[in-house]
file upload_20.txt (compact mmCIF, C-alpha atoms)
# COMPACT_ATOMS: atom_id res chain seq x y z
CA MET A 6 175.16 149.39 121.19
CA LEU A 7 171.56 148.22 121.41
CA LEU A 8 171.25 149.17 125.06
CA GLN A 9 172.64 152.62 124.29
CA GLY A 10 170.34 153.07 121.33
CA LEU A 11 167.28 152.10 123.37
CA ALA A 12 168.23 154.05 126.51
CA GLY A 13 165.79 156.88 125.81
CA TRP A 14 162.87 154.72 124.66
CA PRO A 15 159.77 154.56 126.89
CA ARG A 16 160.04 151.02 128.23
CA ASP A 17 156.45 150.93 129.40
CA GLN A 18 155.33 151.49 125.78
CA MET A 19 157.75 149.29 123.89
CA ALA A 20 158.09 145.65 122.92
CA ILE A 21 160.75 143.74 121.04
CA MET A 22 160.30 141.08 118.38
CA GLY A 23 162.95 138.91 116.80
CA SER A 24 163.42 135.71 114.87
CA SER A 25 166.33 133.26 115.01
CA LEU A 26 169.45 135.24 116.00
CA GLY A 27 167.18 138.27 116.31
CA GLY A 28 165.10 136.23 118.76
CA PHE A 29 168.22 135.60 120.83
CA TYR A 30 168.92 139.34 120.94
CA ALA A 31 165.24 140.13 121.64
CA ALA A 32 165.22 137.74 124.64
CA TRP A 33 168.42 139.26 125.99
CA LEU A 34 167.13 142.81 125.57
CA SER A 35 163.75 141.97 127.06
CA ALA A 36 165.38 140.53 130.17
CA HIS A 37 167.65 143.55 130.55
CA LEU A 38 165.08 146.22 129.74
CA GLY A 39 162.06 144.63 131.38
CA CYS A 40 159.83 144.99 128.34
CA PRO A 41 157.74 142.34 126.56
CA ALA A 42 159.16 140.36 123.68
CA VAL A 43 157.89 138.07 120.94
CA LEU A 44 160.47 135.45 120.03
CA ILE A 45 160.12 133.44 116.82
CA ASN A 46 162.23 130.29 116.67
CA PRO A 47 164.89 132.02 118.79
CA ALA A 48 168.49 130.87 118.73
CA VAL A 49 169.61 129.50 122.08
CA HIS A 50 173.33 128.84 121.50
CA PRO A 51 174.26 131.11 118.58
CA SER A 52 178.00 131.01 119.21
CA ARG A 53 177.94 127.22 118.85
CA ASP A 54 175.59 127.24 115.87
CA LEU A 55 177.39 130.00 113.95
CA ALA A 56 180.98 128.83 114.58
CA ARG A 57 181.12 127.01 111.25
CA TYR A 58 180.25 130.21 109.36
CA ILE A 59 183.42 132.18 110.08
CA GLY A 60 184.60 133.71 106.83
CA GLU A 61 183.12 135.40 103.78
CA HIS A 62 179.60 134.56 102.57
CA ALA A 63 177.30 135.79 99.84
CA VAL A 64 174.32 137.80 101.06
CA TRP A 65 171.30 135.60 100.38
CA GLN A 66 169.15 138.52 99.18
CA ASP A 67 171.87 139.67 96.77
CA PRO A 68 174.57 137.10 95.90
CA GLY A 69 176.58 139.92 94.30
CA GLN A 70 177.29 141.23 97.80
CA SER A 71 179.11 139.49 100.60
CA ILE A 72 179.57 139.70 104.35
CA PHE A 73 182.46 138.58 106.49
CA PHE A 74 181.62 136.78 109.74
CA GLU A 75 184.52 137.38 112.09
CA PRO A 76 185.69 135.18 114.99
CA ALA A 77 185.23 138.22 117.26
CA TYR A 78 181.48 137.97 116.67
CA LEU A 79 181.51 134.52 118.28
CA GLN A 80 183.28 135.96 121.31
CA GLU A 81 180.60 138.65 121.61
CA LEU A 82 177.85 136.04 121.39
CA MET A 83 179.58 133.85 124.00
CA LEU A 84 179.69 136.81 126.36
CA LEU A 85 175.96 137.44 125.93
CA GLU A 86 175.18 133.72 126.31
CA SER A 87 177.19 133.53 129.53
CA GLN A 88 175.16 136.26 131.21
CA PRO A 89 172.33 134.67 133.17
CA LEU A 90 168.96 136.07 132.18
CA GLN A 91 166.26 136.56 134.73
CA THR A 92 163.14 134.64 133.81
CA CYS A 93 161.12 137.09 131.82
CA PRO A 94 157.48 135.97 131.85
CA ALA A 95 156.59 138.85 129.52
CA THR A 96 157.62 136.81 126.49
CA LEU A 97 155.66 134.97 123.84
CA THR A 98 157.81 132.37 122.13
CA LEU A 99 156.66 130.75 118.89
CA ILE A 100 158.51 127.47 118.38
CA ALA A 101 158.08 125.39 115.24
CA LYS A 102 158.79 121.69 115.67
CA GLY A 103 159.50 121.64 111.93
CA ASP A 104 162.36 124.14 112.26
CA GLU A 105 165.07 122.78 109.98
CA VAL A 106 167.80 125.03 111.43
CA LEU A 107 167.39 125.03 115.23
CA ASP A 108 166.36 122.35 117.72
CA TRP A 109 162.87 123.09 119.02
CA ARG A 110 163.63 121.19 122.28
CA GLU A 111 166.45 123.63 123.11
CA MET A 112 164.17 126.58 122.43
CA LEU A 113 161.43 125.13 124.61
CA ALA A 114 163.81 124.34 127.48
CA ARG A 115 165.23 127.88 127.40
CA HIS A 116 161.99 129.83 127.06
CA GLN A 117 159.41 127.86 129.04
CA GLY A 118 159.27 130.62 131.69
CA GLY A 119 157.05 132.75 129.48
CA GLN A 120 154.15 132.01 127.17
CA VAL A 121 155.02 129.38 124.57
CA ARG A 122 153.21 128.39 121.41
CA LEU A 123 154.61 125.03 120.29
CA ILE A 124 153.74 124.62 116.63
CA GLU A 125 153.49 121.22 114.97
CA GLY A 126 155.29 121.44 111.64
CA SER A 127 156.02 124.84 110.05
CA ASP A 128 159.66 125.82 109.48
CA HIS A 129 162.49 128.08 110.63
CA ALA A 130 161.12 131.04 108.68
CA LEU A 131 157.67 130.45 110.21
CA SER A 132 156.24 130.65 106.70
CA ASP A 133 152.73 130.52 108.15
CA PHE A 134 153.40 133.61 110.31
CA GLU A 135 150.02 135.16 109.50
CA ASP A 136 148.32 132.27 111.33
CA TYR A 137 149.95 133.44 114.57
CA LEU A 138 149.56 137.18 114.11
CA PRO A 139 146.30 137.35 116.12
CA GLN A 140 148.01 135.70 119.11
CA ILE A 141 150.99 138.06 118.80
CA LEU A 142 148.75 141.12 118.64
CA GLU A 143 146.75 139.90 121.64
CA PHE A 144 149.93 139.27 123.62
CA LEU A 145 151.12 142.79 122.80
CA GLN A 146 147.65 144.11 123.66
CA LEU A 147 147.25 145.53 120.19
CA ALA A 148 144.18 143.51 119.20
call {"tool": "encode", "arguments": {"input": "upload_20.txt", "output": "structure tokens"}}
result
Amino acid sequence: MLLQGLAGWPRDQMAIMGSSLGGFYAAWLSAHLGCPAVLINPAVHPSRDLARYIGEHAVWQDPGQSIFFEPAYLQELMLLESQPLQTCPATLTLIAKGDEVLDWREMLARHQGGQVRLIEGSDHALSDFEDYLPQILEFLQLA
């Protein structure tokens, strides 16, 4: 669906940014579309990491709502994970060693082909995001 939705976008004028699972998707899209990407604590093995979440869960922003994570979603993620990605040097990956959700060593091993900013401390949400905004804007040639 994402590839179809982005088919008409001007690739020479676009970039993709994602965090966590969104970082996984951003890396995949960047490799397939040939556009730059900023990855923030990107998931490396989401099918493995999300397998324990099959079922119904409250939405964290609104506990009155819920989502259902289906086993089919894991199959879709496994398919994406199994597709080899060309090294995409047009990536900037921000990796927090203090990430309490994902292993920074896996992120570093997967994304060392592009630019990497290895951050001492911080957290999965990259709560100090504004500290890295100048580097992101420079990478995207917006500064």
call {"tool": "closest_atom_pairs", "arguments": {"input": "upload_20.txt", "of": "segment 64-106 of chain A", "to": "segment 22-31 of chain A", "cutoff": "12 Å", "atoms": "only C-alpha atoms", "output": "JSON lines"}}
result
{"residue": "A:Glu81", "atom": "CA", "partner": "A:Tyr30", "partner_atom": "CA", "distance": 11.7}
{"residue": "A:Leu82", "atom": "CA", "partner": "A:Tyr30", "partner_atom": "CA", "distance": 9.5}
{"residue": "A:Met83", "atom": "CA", "partner": "A:Phe29", "partner_atom": "CA", "distance": 11.9}
{"residue": "A:Leu85", "atom": "CA", "partner": "A:Tyr30", "partner_atom": "CA", "distance": 8.8}
{"residue": "A:Glu86", "atom": "CA", "partner": "A:Phe29", "partner_atom": "CA", "distance": 9.1}
{"residue": "A:Leu90", "atom": "CA", "partner": "A:Phe29", "partner_atom": "CA", "distance": 11.4}
{"residue": "A:Cys93", "atom": "CA", "partner": "A:Ala31", "partner_atom": "CA", "distance": 11.4}
{"residue": "A:Ala95", "atom": "CA", "partner": "A:Ala31", "partner_atom": "CA", "distance": 11.8}
{"residue": "A:Thr96", "atom": "CA", "partner": "A:Met22", "partner_atom": "CA", "distance": 9.5}
{"residue": "A:Leu97", "atom": "CA", "partner": "A:Met22", "partner_atom": "CA", "distance": 9.4}
{"residue": "A:Thr98", "atom": "CA", "partner": "A:Gly28", "partner_atom": "CA", "distance": 8.9}
{"residue": "A:Leu99", "atom": "CA", "partner": "A:Ser24", "partner_atom": "CA", "distance": 9.3}
{"residue": "A:Ile100", "atom": "CA", "partner": "A:Ser24", "partner_atom": "CA", "distance": 10.2}
{"residue": "A:Ala101", "atom": "CA", "partner": "A:Ser25", "partner_atom": "CA", "distance": 11.4}
{"residue": "A:Asp104", "atom": "CA", "partner": "A:Ser25", "partner_atom": "CA", "distance": 10.3}
{"residue": "A:Glu105", "atom": "CA", "partner": "A:Ser25", "partner_atom": "CA", "distance": 11.7}
{"residue": "A:Val106", "atom": "CA", "partner": "A:Ser25", "partner_atom": "CA", "distance": 9.1}
call {"tool": "closest_residue", "arguments": {"input": "upload_20.txt", "among": "A:Gln9, A:Gln70, A:Gln18, A:Asn46", "to": "His129 of chain A", "atoms": "all atoms listed in the file"}}
result
A:Asn46
call {"tool": "atom_distance", "arguments": {"input": "upload_20.txt", "atom1": "atom CA of Val121 of chain A", "atom2": "atom CA of Ser52 of chain A"}}
result
23.7 Å
call {"tool": "atom_distance", "arguments": {"input": "upload_20.txt", "atom1": "atom CA of Gly13 of chain A", "atom2": "atom CA of Ile45 of chain A"}}
result
25.7 Å
call {"tool": "closest_residue", "arguments": {"input": "upload_20.txt", "among": "A:Ala56, A:Val43, A:Leu8, A:Ala63", "to": "Leu142 of chain A", "atoms": "only C-alpha atoms"}}
result
A:Val43
call {"tool": "residues_around", "arguments": {"input": "upload_20.txt", "residues": "Leu145 of chain A", "least_positions_apart": "3", "cutoff": "9 Å", "atoms": "all atoms listed in the file", "output": "PyMOL selection string"}}
result
chain A and resi 20+41-43+140-142+148
call {"tool": "atom_distance", "arguments": {"input": "upload_20.txt", "atom1": "atom CA of Pro76 of chain A", "atom2": "atom CA of His50 of chain A"}}
result
15.3 Å
call {"tool": "decode", "arguments": {"input": "upload_20.txt", "residues": "segment 69-104 of chain A", "atoms": "N, CA and C atoms", "output": "compact mmCIF listing (two decimals), in the first residue's frame"}}
result
# COMPACT_ATOMS: atom_id res chain seq x y z
N GLY A 69 -9.62 4.08 26.37
CA GLY A 69 -11.00 3.71 26.08
C GLY A 69 -11.14 3.05 24.71
N GLN A 70 -10.11 3.16 23.89
CA GLN A 70 -10.10 2.52 22.57
C GLN A 70 -9.13 1.34 22.58
N SER A 71 -9.34 0.44 21.66
CA SER A 71 -8.42 -0.70 21.59
C SER A 71 -8.09 -1.03 20.14
N ILE A 72 -7.00 -1.75 19.98
CA ILE A 72 -6.59 -2.26 18.66
C ILE A 72 -6.41 -3.76 18.79
N PHE A 73 -6.48 -4.44 17.68
CA PHE A 73 -6.25 -5.88 17.68
C PHE A 73 -5.07 -6.16 16.76
N PHE A 74 -4.00 -6.71 17.33
CA PHE A 74 -2.80 -7.06 16.56
C PHE A 74 -2.95 -8.51 16.11
N GLU A 75 -3.08 -8.69 14.82
CA GLU A 75 -3.37 -10.01 14.25
C GLU A 75 -2.10 -10.78 13.89
N PRO A 76 -2.15 -12.10 13.96
CA PRO A 76 -1.00 -12.91 13.54
C PRO A 76 -0.58 -12.63 12.09
N ALA A 77 -1.53 -12.26 11.26
CA ALA A 77 -1.21 -11.96 9.85
C ALA A 77 -0.24 -10.79 9.75
N TYR A 78 -0.28 -9.88 10.70
CA TYR A 78 0.65 -8.74 10.67
C TYR A 78 2.08 -9.23 10.83
N LEU A 79 2.29 -10.26 11.65
CA LEU A 79 3.63 -10.82 11.81
C LEU A 79 4.12 -11.44 10.51
N GLN A 80 3.22 -12.10 9.80
CA GLN A 80 3.59 -12.69 8.51
C GLN A 80 4.01 -11.61 7.52
N GLU A 81 3.29 -10.49 7.52
CA GLU A 81 3.64 -9.38 6.63
C GLU A 81 5.01 -8.82 6.99
N LEU A 82 5.26 -8.67 8.28
CA LEU A 82 6.56 -8.15 8.71
C LEU A 82 7.68 -9.13 8.35
N MET A 83 7.43 -10.43 8.53
CA MET A 83 8.45 -11.43 8.17
C MET A 83 8.79 -11.36 6.69
N LEU A 84 7.79 -11.15 5.87
CA LEU A 84 8.02 -11.02 4.44
C LEU A 84 8.92 -9.82 4.14
N LEU A 85 8.62 -8.68 4.75
CA LEU A 85 9.44 -7.49 4.55
C LEU A 85 10.86 -7.70 5.07
N GLU A 86 10.99 -8.33 6.23
CA GLU A 86 12.31 -8.59 6.82
C GLU A 86 13.14 -9.53 5.95
N SER A 87 12.49 -10.45 5.26
CA SER A 87 13.21 -11.44 4.47
C SER A 87 13.74 -10.88 3.15
N GLN A 88 13.24 -9.72 2.76
CA GLN A 88 13.69 -9.12 1.51
C GLN A 88 15.00 -8.38 1.75
N PRO A 89 16.07 -8.79 1.08
CA PRO A 89 17.35 -8.10 1.30
C PRO A 89 17.27 -6.66 0.82
N LEU A 90 17.77 -5.76 1.65
CA LEU A 90 17.78 -4.35 1.28
C LEU A 90 19.17 -3.99 0.77
N GLN A 91 19.20 -3.24 -0.30
CA GLN A 91 20.47 -2.74 -0.77
C GLN A 91 20.95 -1.75 0.30
N THR A 92 22.27 -1.67 0.47
CA THR A 92 22.78 -0.67 1.39
C THR A 92 22.37 0.69 0.87
N CYS A 93 21.74 1.45 1.71
CA CYS A 93 21.26 2.76 1.31
C CYS A 93 22.04 3.81 2.09
N PRO A 94 23.13 4.33 1.51
CA PRO A 94 23.94 5.29 2.25
C PRO A 94 23.23 6.61 2.52
N ALA A 95 22.10 6.84 1.87
CA ALA A 95 21.34 8.08 2.08
C ALA A 95 20.43 7.95 3.29
N THR A 96 20.98 7.43 4.38
CA THR A 96 20.20 7.35 5.62
C THR A 96 21.00 7.99 6.75
N LEU A 97 20.27 8.59 7.66
CA LEU A 97 20.82 9.07 8.92
C LEU A 97 20.07 8.30 9.99
N THR A 98 20.79 7.52 10.77
CA THR A 98 20.16 6.71 11.81
C THR A 98 20.59 7.23 13.18
N LEU A 99 19.61 7.61 13.98
CA LEU A 99 19.85 8.05 15.35
C LEU A 99 19.57 6.87 16.27
N ILE A 100 20.59 6.43 16.99
CA ILE A 100 20.48 5.24 17.84
C ILE A 100 20.83 5.62 19.27
N ALA A 101 19.88 5.45 20.16
CA ALA A 101 20.10 5.75 21.58
C ALA A 101 20.54 4.48 22.31
N LYS A 102 21.71 4.54 22.93
CA LYS A 102 22.17 3.40 23.72
C LYS A 102 21.26 3.15 24.92
N GLY A 103 20.51 4.18 25.33
CA GLY A 103 19.60 4.04 26.46
C GLY A 103 18.22 3.56 26.07
N ASP A 104 18.04 3.14 24.82
CA ASP A 104 16.74 2.63 24.36
C ASP A 104 16.33 1.45 25.23
